[in-house]
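Raw entry-v8.txt, compact mmCIF, C-alpha atoms:
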```
# COMPACT_ATOMS: atom_id res chain seq x y z
CA MET A 1 83.52 12.67 12.71
CA SER A 2 82.02 13.86 9.47
CA ALA A 3 81.33 11.52 6.57
CA ALA A 4 83.69 13.45 4.30
CA LEU A 5 86.56 13.13 6.75
CA PHE A 6 85.85 9.44 7.16
CA ILE A 7 85.91 8.96 3.38
CA ASP A 8 89.21 10.84 3.11
CA ILE A 9 90.80 8.76 5.86
CA LEU A 10 89.58 5.55 4.22
CA LEU A 11 90.79 6.74 0.82
CA TRP A 12 94.28 7.85 1.84
CA GLY A 13 94.54 4.82 4.11
CA SER A 14 93.93 2.59 1.08
CA VAL A 15 96.48 4.54 -0.96
CA PHE A 16 98.99 4.14 1.83
CA GLY A 17 98.21 0.42 2.13
CA VAL A 18 98.66 -0.43 -1.55
CA GLY A 19 101.62 1.97 -1.72
CA LEU A 20 103.29 0.01 1.07
CA ILE A 21 102.74 -3.27 -0.80
CA ALA A 22 104.24 -1.70 -3.93
CA PHE A 23 107.17 -0.38 -1.90
CA ARG A 24 107.90 -3.85 -0.52
CA ARG A 25 108.13 -5.11 -4.09
CA GLY A 26 111.10 -2.76 -4.43
CA PRO A 27 111.69 0.95 -4.84
CA PRO A 28 111.69 0.83 -8.70
CA VAL A 29 108.17 -0.64 -8.68
CA PHE A 30 107.10 1.96 -6.16
CA LYS A 31 108.63 4.85 -8.11
CA ALA A 32 107.20 3.64 -11.41
CA SER A 33 103.67 3.47 -10.06
CA LEU A 34 104.06 6.80 -8.29
CA ARG A 35 105.09 8.36 -11.59
CA GLU A 36 102.31 6.58 -13.45
CA GLY A 37 99.71 7.78 -10.92
CA SER A 38 100.97 11.36 -11.06
CA MET A 39 100.89 11.32 -14.87
CA ASP A 40 97.32 10.02 -14.75
CA PHE A 41 96.46 12.83 -12.37
CA ILE A 42 98.01 15.51 -14.58
CA ASN A 43 96.21 14.11 -17.61
CA ILE A 44 92.88 13.88 -15.84
CA VAL A 45 92.82 17.30 -14.18
CA PRO A 46 91.78 19.24 -17.30
CA ARG A 47 88.99 16.76 -17.99
CA ILE A 48 87.79 16.83 -14.39
CA ALA A 49 87.89 20.64 -14.53
CA LEU A 50 85.75 20.61 -17.64
CA GLY A 51 83.39 18.15 -15.97
CA VAL A 52 83.04 20.00 -12.66
CA ILE A 53 82.77 23.48 -14.05
CA GLY A 54 80.80 22.44 -17.11
CA SER A 55 78.24 20.25 -15.39
CA GLY A 56 77.32 23.21 -13.18
CA TYR A 57 76.12 25.03 -16.29
CA ILE A 58 74.33 21.99 -17.67
CA ALA A 59 72.64 21.52 -14.29
CA ALA A 60 71.59 25.18 -14.27
CA ILE A 61 69.61 24.80 -17.49
CA ILE A 62 67.87 21.61 -16.30
CA PRO A 63 65.96 22.83 -13.26
CA GLN A 64 64.87 20.28 -10.68
CA GLU A 65 61.19 21.13 -11.20
CA VAL A 66 61.40 19.77 -14.73
CA ILE A 67 62.63 16.43 -13.39
CA THR A 68 59.99 16.30 -10.66
CA GLY A 69 57.34 17.00 -13.27
CA TRP A 70 58.50 14.02 -15.34
CA LEU A 71 58.11 11.77 -12.32
CA GLY A 72 54.42 12.43 -11.91
CA PRO A 73 51.86 9.77 -11.08
CA ASP A 74 51.97 8.59 -14.68
CA SER A 75 51.83 4.85 -14.13
CA GLY A 76 52.62 1.91 -16.37
CA TRP A 77 55.55 1.40 -18.70
CA LEU A 78 55.34 4.91 -20.15
CA GLY A 79 55.85 6.17 -16.59
CA VAL A 80 58.83 3.82 -16.20
CA ALA A 81 60.36 5.08 -19.45
CA THR A 82 59.90 8.70 -18.38
CA ALA A 83 61.44 7.86 -15.01
CA VAL A 84 64.50 6.38 -16.74
CA VAL A 85 65.03 9.53 -18.81
CA ALA A 86 64.48 11.65 -15.70
CA GLY A 87 67.08 9.63 -13.78
CA ALA A 88 69.71 10.15 -16.48
CA ALA A 89 68.90 13.86 -16.76
CA THR A 90 68.87 14.63 -13.04
CA PRO A 91 71.45 17.31 -12.27
CA GLY A 92 73.47 17.37 -9.07
CA GLY A 93 74.64 14.73 -6.65
CA PRO A 94 73.01 11.99 -4.56
CA VAL A 95 71.10 14.39 -2.28
CA ILE A 96 69.11 15.76 -5.21
CA GLY A 97 68.59 12.38 -6.86
CA PHE A 98 67.29 10.64 -3.75
CA SER A 99 65.27 13.67 -2.63
CA ILE A 100 63.47 13.73 -5.95
CA GLY A 101 62.78 10.01 -5.55
CA THR A 102 61.36 10.60 -2.07
CA VAL A 103 59.18 13.48 -3.27
CA ALA A 104 57.88 11.31 -6.09
CA LEU A 105 57.06 8.48 -3.67
CA LYS A 106 55.25 10.82 -1.27
CA SER A 107 53.32 12.63 -3.98
CA GLY A 108 51.83 9.48 -5.42
CA GLY A 109 54.45 8.24 -7.87
CA GLY A 110 54.28 4.51 -8.45
CA VAL A 111 56.87 2.37 -6.63
CA PRO A 112 58.14 0.63 -9.82
CA GLN A 113 58.56 4.04 -11.47
CA VAL A 114 60.54 5.37 -8.50
CA VAL A 115 62.70 2.23 -8.49
CA ALA A 116 63.33 2.73 -12.21
CA TYR A 117 64.22 6.35 -11.49
CA VAL A 118 66.70 5.54 -8.71
CA VAL A 119 68.32 2.72 -10.70
CA ALA A 120 68.54 4.85 -13.86
CA TRP A 121 70.02 7.69 -11.83
CA ALA A 122 72.62 5.32 -10.37
CA LEU A 123 73.49 3.96 -13.82
CA PHE A 124 73.32 7.03 -16.04
CA ALA A 125 73.22 10.32 -14.05
CA PHE A 126 74.89 12.57 -16.60
CA GLN A 127 76.91 14.54 -14.10
CA ARG A 128 78.63 11.45 -12.71
CA VAL A 129 79.30 10.10 -16.19
CA ILE A 130 80.76 13.41 -17.41
CA LEU A 131 82.60 14.25 -14.25
CA TRP A 132 84.03 10.89 -13.22
CA GLU A 133 83.46 8.02 -15.59
CA ILE A 134 84.58 9.59 -18.88
CA PRO A 135 87.76 11.19 -17.47
CA PHE A 136 88.91 8.00 -15.76
CA MET A 137 87.76 5.24 -18.08
CA PRO A 138 88.40 4.63 -21.78
CA ALA A 139 85.61 6.42 -23.67
CA ARG A 140 84.71 3.26 -25.56
CA PHE A 141 84.12 1.47 -22.26
CA VAL A 142 81.85 4.23 -20.95
CA TRP A 143 79.57 4.28 -24.00
CA PHE A 144 79.52 0.52 -24.11
CA ARG A 145 78.71 0.27 -20.40
CA CYS A 146 75.89 2.81 -20.73
CA ALA A 147 74.45 1.06 -23.79
CA VAL A 148 74.32 -2.40 -22.22
CA SER A 149 72.88 -0.93 -18.99
CA VAL A 150 69.79 0.45 -20.73
CA PRO A 151 67.52 -2.59 -20.13
CA PHE A 152 68.22 -2.77 -16.41
CA PRO A 153 66.11 0.05 -14.95
CA PHE A 154 63.20 -1.52 -16.83
CA LEU A 155 64.08 -4.95 -15.46
CA ALA A 156 64.26 -3.47 -11.94
CA ALA A 157 60.80 -1.93 -12.41
CA ALA A 158 59.46 -5.28 -13.66
CA ILE A 159 60.88 -7.09 -10.61
CA ALA A 160 59.35 -4.38 -8.39
CA MET A 161 55.97 -4.95 -10.06
CA VAL A 162 56.23 -8.69 -9.45
CA ILE A 163 57.45 -8.74 -5.85
CA GLY A 164 55.42 -5.76 -4.71
CA LYS A 165 56.03 -2.87 -2.35
CA PRO A 166 58.76 -2.70 0.30
CA MET B 1 108.02 -9.85 -9.24
CA GLU B 2 108.29 -10.15 -13.01
CA SER B 3 109.89 -7.18 -14.70
CA GLU B 4 107.82 -7.00 -17.88
CA PRO B 5 106.75 -3.45 -18.65
CA ARG B 6 103.21 -2.86 -17.52
CA PRO B 7 100.75 -2.24 -20.30
CA GLY B 8 100.42 1.53 -20.42
CA ARG B 9 96.98 2.90 -20.32
CA VAL B 10 95.98 4.70 -23.46
CA ARG B 11 95.77 8.38 -22.70
CA LYS B 12 93.92 10.57 -25.08
CA PRO B 13 93.60 14.00 -23.50
CA ILE B 14 91.18 15.16 -26.19
CA GLY B 15 88.75 12.58 -27.50
CA TRP B 16 85.35 12.85 -29.09
CA SER B 17 83.70 12.51 -25.70
CA THR B 18 85.64 15.50 -24.39
CA ILE B 19 84.74 17.56 -27.45
CA MET B 20 81.07 16.64 -27.11
CA ILE B 21 81.08 17.62 -23.45
CA ALA B 22 82.88 20.87 -24.20
CA VAL B 23 80.26 21.79 -26.80
CA LEU B 24 77.43 20.89 -24.42
CA VAL B 25 79.05 23.01 -21.70
CA ALA B 26 79.54 25.98 -24.04
CA VAL B 27 75.90 25.86 -25.14
CA SER B 28 74.68 25.56 -21.54
CA ALA B 29 76.90 28.41 -20.38
CA ALA B 30 75.58 30.57 -23.23
CA LEU B 31 72.00 29.76 -22.20
CA VAL B 32 72.76 30.62 -18.58
CA TRP B 33 74.35 33.87 -19.73
CA ARG B 34 71.27 34.79 -21.79
CA ARG B 35 68.99 34.01 -18.85
CA ASP B 36 70.98 35.32 -15.88
CA GLY B 37 73.63 37.58 -17.40
CA THR B 38 77.32 37.69 -16.53
CA ASP B 39 76.60 37.52 -12.80
CA GLY B 40 74.81 34.21 -13.22
CA VAL B 41 77.71 32.77 -15.19
CA LEU B 42 80.27 33.98 -12.64
CA GLU B 43 78.26 32.69 -9.70
CA ILE B 44 78.23 29.15 -11.09
CA LEU B 45 81.91 29.46 -12.01
CA THR B 46 82.99 30.45 -8.48
CA HIS B 47 80.88 27.74 -6.90
CA ASP B 48 82.22 25.07 -9.23
CA LEU B 49 85.81 26.25 -8.90
CA SER B 50 85.66 25.80 -5.13
CA LEU B 51 84.07 22.39 -5.67
CA PHE B 52 86.90 21.57 -8.07
CA GLY B 53 89.51 22.59 -5.50
CA GLY B 54 87.91 20.32 -2.93
CA ILE B 55 87.79 17.36 -5.30
CA LEU B 56 91.41 17.57 -6.51
CA PRO B 57 93.12 15.82 -3.56
CA ARG B 58 90.68 12.94 -3.87
CA VAL B 59 91.33 12.70 -7.58
CA LEU B 60 95.06 12.49 -6.84
CA ALA B 61 94.40 9.76 -4.27
CA GLY B 62 92.25 7.89 -6.80
CA CYS B 63 94.94 8.08 -9.47
CA LEU B 64 97.63 6.82 -7.08
CA LEU B 65 95.33 4.03 -5.90
CA GLY B 66 94.70 2.95 -9.49
CA ALA B 67 98.40 3.07 -10.36
CA PHE B 68 99.50 1.08 -7.29
CA ILE B 69 96.76 -1.49 -7.77
CA SER B 70 97.62 -2.10 -11.40
CA GLU B 71 101.25 -2.44 -10.40
CA ILE B 72 100.78 -4.92 -7.56
CA LEU B 73 98.00 -7.08 -9.00
CA PRO B 74 99.40 -10.17 -10.70
CA HIS B 75 98.35 -9.72 -14.33
CA GLU B 76 97.95 -13.39 -15.27
CA LYS B 77 95.81 -13.97 -12.23
CA VAL B 78 93.57 -11.00 -13.03
CA SER B 79 93.08 -12.03 -16.63
CA ARG B 80 92.36 -15.56 -15.50
CA SER B 81 89.80 -14.58 -12.87
CA LEU B 82 88.33 -11.48 -14.56
CA GLY B 83 89.25 -11.94 -18.22
CA PRO B 84 87.01 -12.80 -21.19
CA LYS B 85 87.08 -16.49 -20.36
CA SER B 86 86.41 -16.15 -16.64
CA GLY B 87 82.76 -17.09 -17.07
CA LEU B 88 80.11 -16.55 -14.43
CA LYS B 89 82.75 -16.70 -11.72
CA GLY B 90 84.51 -13.65 -13.17
CA LEU B 91 81.25 -11.70 -13.22
CA LEU B 92 80.55 -12.70 -9.62
CA ILE B 93 84.05 -11.64 -8.53
CA GLY B 94 83.58 -8.30 -10.31
CA THR B 95 80.22 -7.84 -8.61
CA ALA B 96 81.59 -8.68 -5.15
CA PHE B 97 84.54 -6.38 -5.69
CA GLY B 98 82.30 -3.46 -6.72
CA ALA B 99 80.02 -4.05 -3.74
CA ILE B 100 82.79 -3.90 -1.14
CA LEU B 101 84.94 -1.19 -2.73
CA PRO B 102 85.24 1.73 -0.28
CA GLY B 103 85.08 5.40 -1.24
CA GLY B 104 83.30 7.24 -3.99
CA PRO B 105 83.62 7.70 -7.76
CA PHE B 106 87.18 8.90 -7.22
CA THR B 107 88.12 5.36 -6.17
CA ALA B 108 85.69 3.25 -8.21
CA TYR B 109 86.62 4.52 -11.67
CA PRO B 110 90.43 4.61 -11.28
CA VAL B 111 90.33 1.09 -9.86
CA ALA B 112 88.01 -0.11 -12.65
CA SER B 113 90.34 1.45 -15.19
CA ALA B 114 93.31 -0.29 -13.54
CA LEU B 115 91.50 -3.63 -13.75
CA LEU B 116 90.87 -3.09 -17.47
CA ALA B 117 94.56 -2.28 -17.95
CA VAL B 118 95.76 -5.47 -16.25
CA GLY B 119 93.52 -7.90 -18.09
CA ALA B 120 89.92 -7.75 -16.88
CA ASP B 121 87.47 -7.78 -19.79
CA PHE B 122 84.59 -5.35 -20.41
CA GLY B 123 82.08 -7.83 -18.96
CA ALA B 124 83.71 -8.21 -15.55
CA THR B 125 84.51 -4.49 -15.38
CA ILE B 126 80.90 -3.60 -16.23
CA ALA B 127 79.75 -5.97 -13.47
CA MET B 128 82.09 -4.18 -11.08
CA VAL B 129 81.05 -0.64 -12.02
CA VAL B 130 77.33 -1.47 -12.05
CA SER B 131 77.66 -3.31 -8.74
CA TRP B 132 79.47 -0.37 -7.18
CA THR B 133 76.78 2.04 -8.30
CA LEU B 134 73.74 -0.18 -7.54
CA ILE B 135 74.61 -2.35 -4.54
CA GLY B 136 77.74 -0.69 -3.12
CA TYR B 137 77.19 0.16 0.51
CA GLY B 138 78.94 3.55 0.40
CA ARG B 139 76.25 5.62 -1.27
CA ALA B 140 73.43 3.60 0.33
CA VAL B 141 74.69 4.26 3.85
CA ALA B 142 75.71 7.87 3.31
CA TRP B 143 72.76 9.09 1.23
CA GLU B 144 70.04 6.65 0.29
CA ILE B 145 69.10 5.35 3.76
CA PRO B 146 68.95 8.83 5.37
CA ILE B 147 66.91 10.30 2.51
CA MET B 148 64.77 7.45 1.21
CA GLY B 149 64.51 5.35 4.35
CA THR B 150 65.89 1.95 5.30
CA ASP B 151 62.93 -0.08 4.01
CA PHE B 152 62.98 1.37 0.52
CA THR B 153 66.78 1.20 0.29
CA LEU B 154 67.11 -2.43 1.37
CA TRP B 155 64.23 -3.42 -0.89
CA ARG B 156 65.74 -1.51 -3.82
CA ILE B 157 69.15 -3.15 -3.24
CA LEU B 158 67.47 -6.57 -3.09
CA ILE B 159 65.86 -5.90 -6.48
CA SER B 160 69.22 -4.72 -7.84
CA LEU B 161 71.20 -7.78 -6.68
CA PRO B 162 71.00 -9.72 -9.97
CA LEU B 163 71.58 -6.67 -12.19
CA PRO B 164 75.43 -6.37 -12.12
CA VAL B 165 75.94 -9.99 -13.19
CA LEU B 166 73.27 -9.65 -15.89
CA ALA B 167 74.78 -6.37 -17.14
CA GLY B 168 78.24 -7.95 -17.23
CA ALA B 169 76.90 -11.01 -19.07
CA LEU B 170 75.07 -8.83 -21.60
CA GLY B 171 78.23 -6.74 -22.01
CA ARG B 172 80.32 -9.82 -22.70
CA PHE B 173 77.70 -11.24 -25.08
CA VAL B 174 77.51 -8.01 -27.10
CA TYR B 175 81.27 -7.32 -26.94
CA VAL B 176 82.38 -10.51 -28.65
CA ARG B 177 79.83 -9.86 -31.38
CA ILE B 178 80.74 -6.27 -32.23
CA TYR B 179 84.50 -6.61 -31.71
CA PRO B 180 85.13 -10.15 -32.95
CA GLN B 181 88.41 -9.13 -34.60
CA LEU B 182 90.12 -8.32 -31.30
CA PRO B 183 92.00 -11.27 -29.86
CA ALA B 184 91.10 -12.20 -26.32
CA LYS B 185 93.61 -10.69 -23.94
CA ASP B 186 94.39 -13.89 -22.09
CA ASP B 187 95.67 -15.59 -25.22
CA GLU B 188 98.91 -13.67 -24.91
CA ASN B 189 101.00 -15.94 -22.74
```
Render the structure in this file as structure tokens.
Amino acid sequence: MSAALFIDILLWGSVFGVGLIAFRRGPPVFKASLREGSMDFINIVPRIALGVIGSGYIAAIIPQEVITGWLGPDSGWLGVATAVVAGAATPGGPVIGFSIGTVALKSGGGVPQVVAYVVAWALFAFQRVILWEIPFMPARFVWFRCAVSVPFPFLAAAIAMVIGKP
Amino acid sequence: MESEPRPGRVRKPIGWSTIMIAVLVAVSAALVWRRDGTDGVLEILTHDLSLFGGILPRVLAGCLLGAFISEILPHEKVSRSLGPKSGLKGLLIGTAFGAILPGGPFTAYPVASALLAVGADFGATIAMVVSWTLIGYGRAVAWEIPIMGTDFTLWRILISLPLPVLAGALGRFVYVRIYPQLPAKDDEN
């Protein structure tokens, strides 16, 4: 069974599960949330469309080689800072992000820098923010969440420096 | 249960974020067009349209999940355990919730948005989102372990363990200082 199919089964299974709970609270509750969910969907589709189609173009003008170049063997805090920017600017999904991290590790990138890169990618990767977080969450929350997350890739790198390699 | 109208989520189809993204996209598309011509633009468009078609059912599932969850969760309980006054416990609950949440971004963000709507504060929701992205098992199992290896992944998750709670705490600390005029949500009842 493929991972995508598994995710879909899990996802629709969860929808069915919570839907059943809502239904047992009474048909009006069930109908209201069904309507609410469909309205959310209709409202979100244009924004998701902009995100999916748009981020393809943004990704096309930030080639992967640029990101890999930023993750060179530049060590120290400047290297960590570059890695954080690189993580946020990495186009594409998890395959590209983690592959770049692996390449950096194998080609002599420092471990704290790669940790900072992976953590920054997880926190800020622009495609995920544009495609998923902004359409679904209140904009004020997204900017706020990103702003308060800024110290944490650096903290992760500092912890990595202290506790050493895996 | 109680028949009070649920707090509607604020829907702004066009906000500043959307406008900013649209401008960024237009500029990028223009740059692609200058570099690769019309074919280049169309190639990306077709690829992304098929991606979009594949994503849509999951988006629908995510929206329904968020709507059902915000309907069935008891609001007072959520604002007590995840609200502004929930303390460290609220941040820990948010973190645990983010870590065990199944699925991808199409579940995490609708559910996070639902939690916000039923009384969780920014701090606990930040802990949840950051936990989902940093220590959630979904992406680690599907992508990080196969690509980066088990040792690196487990070690990286270990380093990340304290981060969601710290991010949530920082979020709460900053939030009450820049939005002091807003009453805390759990004062309502």
With a distance threshold of 6 Å and counting only C-alpha atoms, extract the residues of chain B near chain A and express them as an MDAnalysis selection string. chainID B and resid 25 28:29 48 60 63:65 67:68 72 103 109:110 113 133 148 152 155 171
Tell me, in Å to one decimal, how far CA of Arg80 in chain B is from CA of Thr107 in chain B. 23.3 Å
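For the atom pair formed by CA of Pro91 in chain A and CA of Thr68 in chain A, the distance is 11.6 Å, given to one decimal.
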Counting all atoms listed in the file, which of A:Ala83, A:Ala88, A:Ala104, A:Val66 gets nearest to Gln127 in chain A?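 Using all atoms listed in the file, the shortest distance to Gln127 in chain A belongs to A:Ala88.
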